[in-house]
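This report refers to the structure that appears directly beneath it.
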Amino acid sequence: MISTLEQKMELPKELPKVLPKTLPGIFWHFIKPHWKGFLLMLIGALGWGFQSSLFPLFIQLVIDKSADFASNRDKVMEGLGFILFALVGIWVIIDIGFRTYDFVAARVIPRFQAAIRMSFTEYTLGHSHHYFADQFAGTIASRISRMPEAMTQIIIISFTIFFPVVLAFCINAIILYRAKPIFGIISFSWFLLHFLLSYLFTRKCGMYSEKHSESLTALNGKIVDTISNIMTVRLFSHKPYEMRYNAKFQTQEIQKHYELLQYNALMQLCLGILSILFFAGMIYLGVWAFQQNWISLGELALVFSSLNLIGLAWYMGMNFIYFFKEIGRAREAMMLIKEPYEITDAAEAKPLKIEKGQIIFDKVTFNYAAGRKLFKNKSVILKAGEKVGLVGFFRFRKNNFCQFNYAII
């Protein structure tokens, strides 16, 4: 069973060591192998936009058609037959789209996340021991685990909220414009203003989110390393010291989280005031237009029921926060692959050959960047099964020699 699952993961045989260094580049790099699945997910999710925008139109049609049979209500069902049939049919098609989204996502998302996770892990393991000596293991693990989750949430929010809501408002604006142009123009102008304000607010929100993500990653790294210290050197652990050490990072995380939530609250206050003004203005204009016989009762119902889309805009604004929060986390995790390797093979380096389980140094010269040579023209043979002891004065590079062997094997 396990081998079958491993075969179905469809991971590349050799994961790339060179990954794009920008967030859009990373997205396209991992979406490209599954673009058909993601396209089906997007098409299925757009059904929500059609459903939300067309429902007010059906209310108008039902009311206006029912008014035509006010004197003969026995014929109402016959007159509404096609409209109701079309409403149910569209609802069924949209629901099929939703279920398609669920099944396709179940197949695509795990493979998408696995490719990200394994690629980031493979790239990180290419660093030298110096990199890991300067990094907390918990911080590295947190970034690797967050990247696939953050990228998945960004895609899901875009597919299931942003694109459907934009589609719903565009269709609804066209429907209102056909009823009375002034309603369509006002509705679309308000949505455009709401969208732009949300975008401007949440760009700064992304900055706060990235800072909070960095502080949270650092805190998690310290907690993991505290637990590791207790497990590895339990006799020397000191609980009060460890707690004071972690408390400094917890305080920083609290401050960054407070700044993020406070800015989010300010954004929601401004967008809420804008929504109230739009809601009150559309109600007044709708009733006034009906009094002036500019619109029918059905068109008045269309205007009122279209105000339900304000809730969608508010919901989109709320998810802008989570959207940029995940972008902040993804950018913070990108630090893993933006860090260049400290040690790389020379352009003319030959591949290592393992033949007899022995290690052969044949005239090896080695040094770190901008540092003096650790070995110069060294040759040694360590035979398979042979026990070797290293002796020498302090700074005789015994430790470097062992670490160099670890990197090879």
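Ligands are numbered from 1 in the order shown, residues from 1 within each chain, and chains are lettered A, B, ... in the order they appear in the structure tokens.
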Q. Any idea what's packed within 8 Å of region 293-307 of chain A, counting only C-alpha atoms, ignoring anything in its chain fewer than 5 positions away? Could you give it as a list in words?
A.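 Contacts, with the query itself left out: Ser53, Pro56, Leu57, Ile59, Gln60, Leu61, Val62, Ile63, Asp64, Asn172, Leu176, Ala179, Lys180, Phe183, Phe279, Met282, Ile283, Gly286 and Val287 of chain A.
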Q | Given only C-alpha atoms as the counted atoms, nearest of A:Ile227, A:Cys205, A:Ile93, A:Leu192 to Phe323 (chain A) | A |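 Comparing A:Ile227, A:Cys205, A:Ile93, A:Leu192 against Phe323 (chain A), the winner is A:Cys205.
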Q: Using CA of Ile83 (chain A) and CA of Cys170 (chain A) as the two end points, give the distance in Å to one decimal.
A: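 These atoms are spaced 22.3 Å apart.
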